Amino acid sequence: MTSPAVFDLDDEGTRQVRGHDHWHPDIPAVAEVITGGSVRLECPGREAGAGVLLCGPLVVVGAEPGDVVVVDVLGVGRPGGMRDAGGHPGIIGCAPSAPVAVPGDARDRDVGGCRIARLTAGSRVLLPVRVRGAKLSAGDLHFPARGSLGCDGAGRPGWIDLRVHLTRQGTERFGVTGPMLMPSPC
């Protein structure tokens, strides 16, 4: 079920947008980002036992099926702006060409997540584009204790800064058919 997009401004003038809980090509985008652009997603938390909650989706301007979206994780932090060096999204991906559940076994070939690799600041993810505009979403943030992967349990509220680049026809040119995760070397 998709929560409707809400475009209320909070006391600091930040646009608040409700998350979505499944992958679907028809979920309306909440914003656009151009290639080379950066964006901060303020992600809601979720209750223990509840499904994954995603921020977005973002339209990557000019993205077409067969392209590849290159996403650099610039930083992850807790509410109030405090950066957390171990913070990472539990899941990140682009919309599928047909509706599917989150995370769903069918999505494992299309989305990256912390069960595969921790995507902390300095990480890069290559995602194949299946629909026009890509419709990039991320969420289910985790802030593990030092030395822990921290992918179990409910996603926490926080923010994630991303830089997005677009590679035309990357699926064909570079053979990117599923997510390619490049965790930070740190």
# chains A, B, ... in the order shown; residues from 1 in each chain; ligands from 1
>>> residues_around(residues="range 134-144 of chain A", least_positions_apart="4", cutoff="7 Å", atoms="only C-alpha atoms", output="ChimeraX atom specification")
/A:29,43,45,52-60,63-64,86-95,129-130,148-151,155-158
>>> residues_around(residues="Val176 in chain A", least_positions_apart="5", cutoff="7 Å", atoms="only C-alpha atoms", output="PyMOL selection string")
chain A and resi 128+170-171
>>> atom_distance(atom1="CA of Ser123 in chain A", atom2="CA of Ile27 in chain A")
26.6 Å
>>> atom_distance(atom1="CA of Thr167 in chain A", atom2="CA of Arg40 in chain A")
21.2 Å
>>> select_by_dssp(residues="range 17-180 of chain A", states="strand (DSSP E)", output="PyMOL selection string")
chain A and resi 22-23+31-33+37-43+54-60+68-77+88-94+100-101+111-113+124-128+136-142+158-167+180
